[in-house]
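First comes the structure, then the notes that go with it.
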Amino acid sequence: MREEQPQPHEAERFSFRRFARQPFYTEVNARLIQLLGLRPGMRVVDLACGTGAVTKLILSQLEGAKQSVVLAVDASAEALEIAKRELAGAGSALVRFVQGRAETLSRAVRQTVGAVDAVVFCNAIHLVEDKARVLREVFESLAPGGAFAFNTTFFAEAYPEETERFYLRWMARALKLLKRERGLRPTRERVIARQPLSTAQYEQLLAEQGFAVRREELDVVEVPLEGWLGISEFSDFIRGALPGVPLAEGAWALQEAVRQVFEELKLKAVPRRWLQVVAARPS
Ligand SMILES: C[S@@+](CC[C@H](N)C(=O)[O-])C[C@H]1O[C@@H](n2cnc3c(N)ncnc32)[C@H](O)[C@@H]1O
């Protein structure tokens, strides 16, 4: 089935920006950047940079060194346009934007900045089908001794047990609203993000590609209602949760349902685990 792509005028509406502006999101990504330990002068790839939230964090570590370079790569032209606007002025002279896929990263890196000191891949590895191939591309993009940092909250251990009730109720309510008020029902397709890997599987994939894991954390993040409302209007999330449903209807159902469930269960936030990993290409 063909995926519905947001029309250009809808790209903002179904972008990742509302979620990416949340303070908890900045904090969890900032923690990964801290674990990575960037220094001014480094050449860094922000892989799957999206609307630029993590690019900003990277730039804040590289300030003051003219020889620093950030290659901000994303498959989505719309996301890159938003990133360019969001980053205007914020050290953006150091940033080069490239529309490209993680699966062919090493070529883009060779053609623009040469080997890099670090690759940052935030909140996107779960969207990639051939993870071994992407890890190989990252490895080949790094100079010997270079570091690879990634994080995700779509992995097997992401859900604290006590939150199961929240997800079941949220999805059941969204399905009910869609059917009752819009006469719609999702297809049975299962996107890649809904076939999550475990921490052990990620460790194995990294080892198979020659990486040495340097730091690994499972961080618990309290996600408030605004976070769930934000993720509910992100096109990739809507497609994963409600495959085949038009984006506008999907966003409406997910948002209405999550508001109701927060109220019924008297929730202030729902905890979620983030896997944070820093690995190195041995020297
Ligand atoms: C959830 S957003 C994360 C954005 C940013 N890294 C952050 O953490 O805020 C995921 C991004 O991954 C991009 N993406 C998904 N698959 C990709 C691929 N195979 N190659 C490059 N970018 C990809 C999407 O276009 C989207 O902008």
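Residue names in the structure tokens use chain letters A, B, ... in the order shown, residue numbers from 1 in each chain, and ligand numbers from 1 in the order shown.
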Which protein, DNA or RNA residues have an atom within 6 Å of ligand 1, counting only C-alpha atoms and all ligand atoms, as a PDB file with N, CA and C atoms, in the first residue's frame?
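Output (selection.pdb):
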```pdb
ATOM      1  N   ALA A  20       9.278  17.631  19.490  1.00  0.00           N
ATOM      2  CA  ALA A  20      10.711  17.915  19.687  1.00  0.00           C
ATOM      3  C   ALA A  20      10.945  19.157  20.552  1.00  0.00           C
ATOM      4  N   ALA A  48      19.513  11.674  10.329  1.00  0.00           N
ATOM      5  CA  ALA A  48      18.062  11.786  10.535  1.00  0.00           C
ATOM      6  C   ALA A  48      17.787  12.987  11.449  1.00  0.00           C
ATOM      7  N   CYS A  49      18.314  14.130  11.045  1.00  0.00           N
ATOM      8  CA  CYS A  49      18.269  15.338  11.893  1.00  0.00           C
ATOM      9  C   CYS A  49      16.848  15.848  12.090  1.00  0.00           C
ATOM     10  N   GLY A  50      15.914  15.440  11.222  1.00  0.00           N
ATOM     11  CA  GLY A  50      14.527  15.890  11.380  1.00  0.00           C
ATOM     12  C   GLY A  50      14.434  17.399  11.345  1.00  0.00           C
ATOM     13  N   ALA A  53      16.167  19.665  16.187  1.00  0.00           N
ATOM     14  CA  ALA A  53      16.260  19.821  17.651  1.00  0.00           C
ATOM     15  C   ALA A  53      17.616  19.328  18.179  1.00  0.00           C
ATOM     16  N   VAL A  54      18.082  18.190  17.662  1.00  0.00           N
ATOM     17  CA  VAL A  54      19.356  17.638  18.148  1.00  0.00           C
ATOM     18  C   VAL A  54      20.531  18.396  17.522  1.00  0.00           C
ATOM     19  N   ASP A  74      18.910  14.134   6.381  1.00  0.00           N
ATOM     20  CA  ASP A  74      17.580  13.544   6.610  1.00  0.00           C
ATOM     21  C   ASP A  74      16.985  13.141   5.261  1.00  0.00           C
ATOM     22  N   ALA A  75      16.135  12.114   5.304  1.00  0.00           N
ATOM     23  CA  ALA A  75      15.483  11.649   4.082  1.00  0.00           C
ATOM     24  C   ALA A  75      14.383  12.615   3.637  1.00  0.00           C
ATOM     25  N   SER A  76      13.867  13.404   4.556  1.00  0.00           N
ATOM     26  CA  SER A  76      12.695  14.228   4.258  1.00  0.00           C
ATOM     27  C   SER A  76      13.078  15.667   3.918  1.00  0.00           C
ATOM     28  N   ALA A  79      11.269  18.104   6.317  1.00  0.00           N
ATOM     29  CA  ALA A  79      11.892  18.238   7.642  1.00  0.00           C
ATOM     30  C   ALA A  79      13.127  19.132   7.547  1.00  0.00           C
ATOM     31  N   GLY A 100      19.243  12.917   2.247  1.00  0.00           N
ATOM     32  CA  GLY A 100      19.794  11.606   1.915  1.00  0.00           C
ATOM     33  C   GLY A 100      19.343  10.579   2.924  1.00  0.00           C
ATOM     34  N   ARG A 101      19.626   9.332   2.605  1.00  0.00           N
ATOM     35  CA  ARG A 101      19.177   8.245   3.470  1.00  0.00           C
ATOM     36  C   ARG A 101      20.338   7.664   4.263  1.00  0.00           C
ATOM     37  N   ALA A 102      20.017   7.183   5.443  1.00  0.00           N
ATOM     38  CA  ALA A 102      21.025   6.557   6.300  1.00  0.00           C
ATOM     39  C   ALA A 102      21.695   5.380   5.588  1.00  0.00           C
ATOM     40  N   CYS A 122      19.620  10.219  16.523  1.00  0.00           N
ATOM     41  CA  CYS A 122      18.645  10.276  17.619  1.00  0.00           C
ATOM     42  C   CYS A 122      17.233   9.928  17.158  1.00  0.00           C
ATOM     43  N   ASN A 123      16.597   9.058  17.881  1.00  0.00           N
ATOM     44  CA  ASN A 123      15.158   8.796  17.732  1.00  0.00           C
ATOM     45  C   ASN A 123      14.761   8.394  16.315  1.00  0.00           C
ATOM     46  N   ALA A 124      15.586   7.614  15.665  1.00  0.00           N
ATOM     47  CA  ALA A 124      15.263   7.224  14.293  1.00  0.00           C
ATOM     48  C   ALA A 124      15.707   5.802  13.944  1.00  0.00           C
ATOM     49  N   LEU A 127      13.213   3.301  12.902  1.00  0.00           N
ATOM     50  CA  LEU A 127      12.483   3.493  11.638  1.00  0.00           C
ATOM     51  C   LEU A 127      13.177   2.797  10.466  1.00  0.00           C
ATOM     52  N   VAL A 128      14.397   2.325  10.716  1.00  0.00           N
ATOM     53  CA  VAL A 128      15.214   1.761   9.647  1.00  0.00           C
ATOM     54  C   VAL A 128      14.997   0.258   9.553  1.00  0.00           C
TER      55      VAL A 128
END
```
Compile a residue-level contact table for range 155-249 of chain A against range 129-138 of chain A at a cut-off of 10 Å, reporting for every qualifying residue the shortest atom pair and its distance in Å to one decimal, with only C-alpha atoms counted, rows ordered by chain and ascending number, as JSON lines.
```
{"residue": "A:Val191", "atom": "CA", "partner": "A:Glu129", "partner_atom": "CA", "distance": 9.3}
{"residue": "A:Ile192", "atom": "CA", "partner": "A:Glu129", "partner_atom": "CA", "distance": 6.2}
{"residue": "A:Ala193", "atom": "CA", "partner": "A:Glu129", "partner_atom": "CA", "distance": 8.8}
{"residue": "A:Gln195", "atom": "CA", "partner": "A:Glu129", "partner_atom": "CA", "distance": 9.8}
{"residue": "A:Tyr202", "atom": "CA", "partner": "A:Lys131", "partner_atom": "CA", "distance": 9.1}
{"residue": "A:Leu205", "atom": "CA", "partner": "A:Ala132", "partner_atom": "CA", "distance": 6.3}
{"residue": "A:Leu206", "atom": "CA", "partner": "A:Leu135", "partner_atom": "CA", "distance": 7.1}
{"residue": "A:Glu208", "atom": "CA", "partner": "A:Ala132", "partner_atom": "CA", "distance": 8.3}
{"residue": "A:Gln209", "atom": "CA", "partner": "A:Arg136", "partner_atom": "CA", "distance": 6.0}
{"residue": "A:Gly210", "atom": "CA", "partner": "A:Arg136", "partner_atom": "CA", "distance": 8.6}
{"residue": "A:Phe211", "atom": "CA", "partner": "A:Leu135", "partner_atom": "CA", "distance": 8.9}
```
| task | Point out the residue among A:Pro23, A:Pro243, A:Gly183, A:Gly250 with the least atom-to-atom distance to Gly227 in chain A, counting only C-alpha atoms. | result |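 Under the stated criterion, the closest residue is A:Pro23.
Across the structure, CA of Phe148 in chain A and CA of Leu197 in chain A are spaced 18.2 Å apart.
Between CA of Gln67 in chain A and CA of Glu81 in chain A lies a distance of 24.4 Å.
Pairwise distance (CA of Ala172 in chain A, CA of Leu218 in chain A) equals 28.3 Å.
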For this session: Excluding Glu217 in chain A and any residue of its chain fewer than 4 positions from it, enumerate the residues within 9 Å of it, using only C-alpha atoms, and give them as an MDAnalysis selection string.
Result: chainID A and resid 274:277
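Using only C-alpha atoms for every distance, the candidate list A:Ala143, A:Val221, A:Ile125, A:Val44 yields A:Val44 as the residue closest to Arg96 in chain A.
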Handout entry: Nearest to Lys66 in chain A by atom-to-atom distance, counting only C-alpha atoms, from A:His126, A:Arg31, A:Arg215, A:Arg43
Key =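 With only C-alpha atoms as the atom set, the closest residue is A:Arg43.
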Check: Can you list, as a ChimeraX atom specification, every residue of range 15-148 of chain A that DSSP puts in strand (DSSP E)?
Finding: /A:43-47,69-74,95-99,116-122,142-148
Requested write-out: C-alpha atoms of the selected residues, as a compact mmCIF listing (two decimals), in the first residue's frame:
```txt
# COMPACT_ATOMS: atom_id res chain seq x y z
CA ARG A 43 33.27 17.05 12.40
CA VAL A 44 29.88 15.56 13.26
CA VAL A 45 26.99 13.99 11.36
CA ASP A 46 23.48 14.52 12.72
CA LEU A 47 21.86 11.55 11.00
CA VAL A 69 31.35 20.99 10.77
CA VAL A 70 27.91 19.47 11.23
CA LEU A 71 26.45 17.48 8.39
CA ALA A 72 22.69 17.40 8.98
CA VAL A 73 21.21 14.54 6.96
CA ASP A 74 17.58 13.54 6.61
CA VAL A 95 25.89 23.24 9.28
CA ARG A 96 25.56 21.65 5.87
CA PHE A 97 22.16 20.17 5.10
CA VAL A 98 21.93 17.10 2.91
CA GLN A 99 18.82 15.27 1.81
CA VAL A 116 33.89 12.39 10.63
CA ASP A 117 34.68 12.24 14.35
CA ALA A 118 31.14 11.43 15.45
CA VAL A 119 27.76 10.32 14.11
CA VAL A 120 24.67 11.14 16.18
CA PHE A 121 21.47 9.23 15.32
CA CYS A 122 18.65 10.28 17.62
CA LEU A 142 33.75 7.47 10.94
CA ALA A 143 37.46 8.11 11.19
CA PRO A 144 39.26 5.42 13.28
CA GLY A 145 38.55 6.19 16.93
CA GLY A 146 35.34 8.02 15.97
CA ALA A 147 32.16 7.67 18.02
CA PHE A 148 28.58 6.70 17.23
```
